[in-house]
Amino acid sequence: MVKTAAKKKKKNVSSEVLRQRLKLKHLEAKNKFSEKYPDVEKFLKEKGVQLEDVRKHSAKIIGAGAITGTILLTPPGDAQILPAPNEIIEKLKDQGRVEGVDTPQKLLVDTLASVLPNEIRSLTRSEEKFLEQLFQNILGVNARATLEGEHLNTTFGRIGAEQHLRRYPGDVLINHGSGDVLTEGIAPGLGAWGYFAQSKTAFTPDLEETERWYAVVQTLYLPDWNTRQPYLRGWYKYRKVLIVNTDNGNAVVASIADSGPAAWTGKHFGGSPEVMDYLGGPRYKKGPVILFFVDDPENNVPLGPVEYNKLNLPEGALHEI
Amino acid sequence: MSKVYYDHLIVLDDIEKKIKKIAQTQEEREELWQLVDDIIHHRVLACVLDNLPKDNHKEFLGMFHEAPHSLNLMDYLKERIKENIEELIKQEIGGLASELLKDLQERE
């Protein structure tokens, strides 16, 4: 008898089955922990924290620490009072690390390298203020870490590649362009704000740009996300953000159109295929970035690449812009 | 940053992608992500306490409560645990990842 070469492909479970399985696994982990370490559970309970809420607890502490500059909460040497951007740039020039004045992208990358911590962590307010000035001076974009009192849990983190989002009922991948930007595919579900338009006829060029240059941020982990609804949901919908690749200085203005990624992916933000392509090229899947809100009350800042330089860096950068 | 001190050891991209495929809505997706997150917290803390001398438990938990994100926690553990605690956590999460991948597929 001839064996068939075809392998039986295992199917994914339904969301309800997965939910039940995960709940069971969660319960098992929780019970096992409680039985083995009842005192620990009691200790955390007395402190008003459950392990399930540890991320929100962490976000509150970091937020408070960033404002007050509490030394306890940041490793020694991390908190620093930074001079103005032009002073740092002059210093770098004196050290021969920046040559001439005709390479703003190199200037940006060198300055970022000199002020950002080696390890990804949340930035202090003074570091964020410094970067706001730097981006204004070099990129010409008025970007803010805190805008209208809102601040993400982090402004310095890793961005990961996302898929295209369905923009209206019946939308398919092939409608999203051609070439490399189709490689990531289209997400099976909708973005956090649903369809961009309720029908193809209601779909406008502005909305097309919104999806093309979309960003993903972890609104789900904001400590006040559940208590300040529906305000926050409205505030974040299509909010413009400036994303700067700290390795090569490529920068793009994007709009927030989805929530994520999950905290256990090692990523903090996501970018549409076009965003990722511009930030680092067609093979760029993950990397460190700064992400600030764009202060643009009159909607004058276009979505897409921030073209502030004629040529990219020879190393690390994959685009000519 | 909404983080805990062992986040850098946990990269479960495949699980996230599969959940995205399976979840019907954003609410469902986030609920499933949260369940995975909760399981990770319990498993990692159990792994840490299993290996940390009992005399240090209270001090460690106090530090964890005050700054769950601080990498000083990892330094603290490295100083007091003979084995490579980062590797132990990675192994624990690796095992969990295999279990989760099975959960994501239909059983025959």
# chains A, B, ... in the order shown; residues from 1 in each chain; ligands from 1
>>> closest_atom_pairs(of="chain A", to="chain B", cutoff="8 Å", atoms="only C-alpha atoms", output="JSON lines")
{"residue": "A:Lys10", "atom": "CA", "partner": "B:Gln105", "partner_atom": "CA", "distance": 6.3}
{"residue": "A:Lys11", "atom": "CA", "partner": "B:Glu106", "partner_atom": "CA", "distance": 5.6}
{"residue": "A:Asn12", "atom": "CA", "partner": "B:Gln105", "partner_atom": "CA", "distance": 4.4}
{"residue": "A:Val13", "atom": "CA", "partner": "B:Glu106", "partner_atom": "CA", "distance": 5.1}
{"residue": "A:Ser14", "atom": "CA", "partner": "B:Ile22", "partner_atom": "CA", "distance": 6.3}
{"residue": "A:Ser15", "atom": "CA", "partner": "B:Ala23", "partner_atom": "CA", "distance": 5.3}
{"residue": "A:Leu18", "atom": "CA", "partner": "B:Leu104", "partner_atom": "CA", "distance": 6.3}
{"residue": "A:Arg19", "atom": "CA", "partner": "B:Leu32", "partner_atom": "CA", "distance": 6.4}
{"residue": "A:Arg21", "atom": "CA", "partner": "B:Asp103", "partner_atom": "CA", "distance": 6.6}
{"residue": "A:Leu22", "atom": "CA", "partner": "B:Leu35", "partner_atom": "CA", "distance": 6.4}
{"residue": "A:Lys23", "atom": "CA", "partner": "B:Leu35", "partner_atom": "CA", "distance": 6.8}
{"residue": "A:Lys25", "atom": "CA", "partner": "B:Ile39", "partner_atom": "CA", "distance": 7.2}
{"residue": "A:His26", "atom": "CA", "partner": "B:Ile39", "partner_atom": "CA", "distance": 5.2}
{"residue": "A:Ala29", "atom": "CA", "partner": "B:His42", "partner_atom": "CA", "distance": 6.1}
{"residue": "A:Lys30", "atom": "CA", "partner": "B:His42", "partner_atom": "CA", "distance": 6.3}
{"residue": "A:Phe33", "atom": "CA", "partner": "B:Ala46", "partner_atom": "CA", "distance": 6.4}
{"residue": "A:Val40", "atom": "CA", "partner": "B:Leu61", "partner_atom": "CA", "distance": 7.8}
{"residue": "A:Leu44", "atom": "CA", "partner": "B:His65", "partner_atom": "CA", "distance": 7.6}
{"residue": "A:Lys47", "atom": "CA", "partner": "B:His65", "partner_atom": "CA", "distance": 7.8}
{"residue": "A:Val49", "atom": "CA", "partner": "B:His65", "partner_atom": "CA", "distance": 7.9}
{"residue": "A:Leu51", "atom": "CA", "partner": "B:His41", "partner_atom": "CA", "distance": 6.4}
{"residue": "A:Glu52", "atom": "CA", "partner": "B:Asp38", "partner_atom": "CA", "distance": 5.2}
{"residue": "A:Val54", "atom": "CA", "partner": "B:Pro68", "partner_atom": "CA", "distance": 7.4}
{"residue": "A:Arg55", "atom": "CA", "partner": "B:Ser2", "partner_atom": "CA", "distance": 5.3}
{"residue": "A:Lys56", "atom": "CA", "partner": "B:Ser2", "partner_atom": "CA", "distance": 6.6}
{"residue": "A:Ser58", "atom": "CA", "partner": "B:Pro68", "partner_atom": "CA", "distance": 5.7}
{"residue": "A:Ala59", "atom": "CA", "partner": "B:Ser2", "partner_atom": "CA", "distance": 4.6}
{"residue": "A:Ile61", "atom": "CA", "partner": "B:Ala67", "partner_atom": "CA", "distance": 7.0}
{"residue": "A:Ile62", "atom": "CA", "partner": "B:Met1", "partner_atom": "CA", "distance": 6.5}
{"residue": "A:Gly63", "atom": "CA", "partner": "B:Met1", "partner_atom": "CA", "distance": 7.8}
{"residue": "A:Leu73", "atom": "CA", "partner": "B:Ala67", "partner_atom": "CA", "distance": 6.2}
{"residue": "A:Thr74", "atom": "CA", "partner": "B:Ser70", "partner_atom": "CA", "distance": 7.2}
{"residue": "A:Pro75", "atom": "CA", "partner": "B:Asn72", "partner_atom": "CA", "distance": 7.4}
{"residue": "A:Arg121", "atom": "CA", "partner": "B:Met1", "partner_atom": "CA", "distance": 6.9}
{"residue": "A:Ser122", "atom": "CA", "partner": "B:Met1", "partner_atom": "CA", "distance": 5.2}
{"residue": "A:Leu152", "atom": "CA", "partner": "B:Met1", "partner_atom": "CA", "distance": 7.8}
{"residue": "A:Asn153", "atom": "CA", "partner": "B:Met1", "partner_atom": "CA", "distance": 4.3}
{"residue": "A:Thr154", "atom": "CA", "partner": "B:Met1", "partner_atom": "CA", "distance": 4.3}
{"residue": "A:Thr155", "atom": "CA", "partner": "B:Met1", "partner_atom": "CA", "distance": 8.0}
{"residue": "A:Ala187", "atom": "CA", "partner": "B:Lys21", "partner_atom": "CA", "distance": 7.5}
{"residue": "A:Pro188", "atom": "CA", "partner": "B:Lys21", "partner_atom": "CA", "distance": 5.7}
{"residue": "A:Gly189", "atom": "CA", "partner": "B:Gln24", "partner_atom": "CA", "distance": 6.1}
{"residue": "A:Leu190", "atom": "CA", "partner": "B:Thr25", "partner_atom": "CA", "distance": 7.0}
{"residue": "A:Gly191", "atom": "CA", "partner": "B:Gln26", "partner_atom": "CA", "distance": 7.1}
{"residue": "A:Ala192", "atom": "CA", "partner": "B:Gln26", "partner_atom": "CA", "distance": 5.8}
{"residue": "A:Leu220", "atom": "CA", "partner": "B:Glu30", "partner_atom": "CA", "distance": 7.5}
{"residue": "A:Tyr221", "atom": "CA", "partner": "B:Ser2", "partner_atom": "CA", "distance": 6.5}
{"residue": "A:Leu222", "atom": "CA", "partner": "B:Ser2", "partner_atom": "CA", "distance": 7.7}
{"residue": "A:Ala262", "atom": "CA", "partner": "B:Trp33", "partner_atom": "CA", "distance": 6.1}
{"residue": "A:Ala263", "atom": "CA", "partner": "B:Lys3", "partner_atom": "CA", "distance": 7.5}
{"residue": "A:Trp264", "atom": "CA", "partner": "B:Ile10", "partner_atom": "CA", "distance": 5.7}
{"residue": "A:Thr265", "atom": "CA", "partner": "B:Val11", "partner_atom": "CA", "distance": 4.4}
{"residue": "A:Gly266", "atom": "CA", "partner": "B:Val11", "partner_atom": "CA", "distance": 5.4}
>>> write_last_selection(atoms="C-alpha atoms", output="PDB file, in the first residue's frame")
ATOM      1  CA  LYS A  10      -3.982  20.352  12.719  1.00  0.00           C
ATOM      2  CA  LYS A  11      -6.789  22.854  12.949  1.00  0.00           C
ATOM      3  CA  ASN A  12      -6.880  25.740  15.391  1.00  0.00           C
ATOM      4  CA  VAL A  13      -9.521  25.564  18.099  1.00  0.00           C
ATOM      5  CA  SER A  14     -12.432  27.988  18.339  1.00  0.00           C
ATOM      6  CA  SER A  15     -12.025  31.059  20.531  1.00  0.00           C
ATOM      7  CA  LEU A  18      -9.334  28.256  23.769  1.00  0.00           C
ATOM      8  CA  ARG A  19     -10.838  30.568  26.369  1.00  0.00           C
ATOM      9  CA  ARG A  21      -8.638  25.866  28.162  1.00  0.00           C
ATOM     10  CA  LEU A  22      -6.744  28.987  29.163  1.00  0.00           C
ATOM     11  CA  LYS A  23      -9.097  29.643  32.062  1.00  0.00           C
ATOM     12  CA  LYS A  25      -4.771  26.442  32.920  1.00  0.00           C
ATOM     13  CA  HIS A  26      -4.921  29.776  34.729  1.00  0.00           C
ATOM     14  CA  ALA A  29      -1.477  27.714  37.985  1.00  0.00           C
ATOM     15  CA  LYS A  30      -3.216  29.910  40.556  1.00  0.00           C
ATOM     16  CA  PHE A  33       0.696  28.574  43.605  1.00  0.00           C
ATOM     17  CA  VAL A  40       2.934  34.926  49.478  1.00  0.00           C
ATOM     18  CA  LEU A  44       0.443  40.455  48.136  1.00  0.00           C
ATOM     19  CA  LYS A  47      -0.386  45.071  49.891  1.00  0.00           C
ATOM     20  CA  VAL A  49      -1.886  43.699  44.676  1.00  0.00           C
ATOM     21  CA  LEU A  51      -0.482  38.859  40.455  1.00  0.00           C
ATOM     22  CA  GLU A  52      -3.112  39.356  37.752  1.00  0.00           C
ATOM     23  CA  VAL A  54       0.934  43.340  38.414  1.00  0.00           C
ATOM     24  CA  ARG A  55       1.298  45.154  35.072  1.00  0.00           C
ATOM     25  CA  LYS A  56      -1.127  47.876  36.019  1.00  0.00           C
ATOM     26  CA  SER A  58       3.892  48.435  37.653  1.00  0.00           C
ATOM     27  CA  ALA A  59       2.586  51.092  35.255  1.00  0.00           C
ATOM     28  CA  ILE A  61       4.653  52.994  39.957  1.00  0.00           C
ATOM     29  CA  ILE A  62       6.669  53.822  36.863  1.00  0.00           C
ATOM     30  CA  GLY A  63       4.353  56.705  36.011  1.00  0.00           C
ATOM     31  CA  LEU A  73      12.440  53.307  41.076  1.00  0.00           C
ATOM     32  CA  THR A  74      15.111  53.813  38.482  1.00  0.00           C
ATOM     33  CA  PRO A  75      18.517  52.187  38.414  1.00  0.00           C
ATOM     34  CA  ARG A 121      13.267  51.126  29.752  1.00  0.00           C
ATOM     35  CA  SER A 122      10.753  53.871  30.397  1.00  0.00           C
ATOM     36  CA  LEU A 152       1.616  55.897  27.225  1.00  0.00           C
ATOM     37  CA  ASN A 153       3.169  53.424  29.637  1.00  0.00           C
ATOM     38  CA  THR A 154       6.331  53.745  27.642  1.00  0.00           C
ATOM     39  CA  THR A 155       7.657  56.013  24.915  1.00  0.00           C
ATOM     40  CA  ALA A 187      -5.280  40.394  10.014  1.00  0.00           C
ATOM     41  CA  PRO A 188      -8.151  37.944  10.409  1.00  0.00           C
ATOM     42  CA  GLY A 189      -9.848  40.177  12.962  1.00  0.00           C
ATOM     43  CA  LEU A 190     -10.572  43.886  12.926  1.00  0.00           C
ATOM     44  CA  GLY A 191      -8.503  46.627  14.513  1.00  0.00           C
ATOM     45  CA  ALA A 192      -9.430  47.945  17.957  1.00  0.00           C
ATOM     46  CA  LEU A 220      -4.911  47.707  27.147  1.00  0.00           C
ATOM     47  CA  TYR A 221      -2.185  48.054  29.786  1.00  0.00           C
ATOM     48  CA  LEU A 222      -2.866  51.708  30.632  1.00  0.00           C
ATOM     49  CA  ALA A 262       0.688  41.436  24.125  1.00  0.00           C
ATOM     50  CA  ALA A 263       3.225  42.228  26.844  1.00  0.00           C
ATOM     51  CA  TRP A 264       4.806  38.774  26.629  1.00  0.00           C
ATOM     52  CA  THR A 265       6.066  39.275  23.092  1.00  0.00           C
ATOM     53  CA  GLY A 266       8.986  41.509  24.045  1.00  0.00           C
TER      54      GLY A 266
END
>>> select_by_dssp(residues="range 23-252 of chain A", states="helix (DSSP H, G or I)", output="VMD selection string")
chain A and resid 23 to 36 38 to 46 51 to 68 71 to 73 85 to 94 104 to 115 125 to 138 173 to 176 179 to 182 205 to 212 219 to 221 231 to 236
>>> residues_around(residues="Leu52 in chain B", least_positions_apart="3", cutoff="12 Å", atoms="only C-alpha atoms", output="PyMOL selection string")
chain B and resi 45-49+55-61+74+76-85+88
>>> select_by_dssp(residues="range 22-267 of chain A", states="strand (DSSP E)", output="number ranges by chain")
A: 143-144, 146-147, 150-151, 156-161, 214-217, 240-245, 251-259
>>> residues_around(residues="Leu291 in chain A", least_positions_apart="4", cutoff="7 Å", atoms="only C-alpha atoms", output="count of residues only")
6
>>> closest_residue(among="A:Leu131, A:Arg158, A:Phe43, A:Ala257", to="Ser114 in chain A", atoms="only C-alpha atoms")
A:Leu131
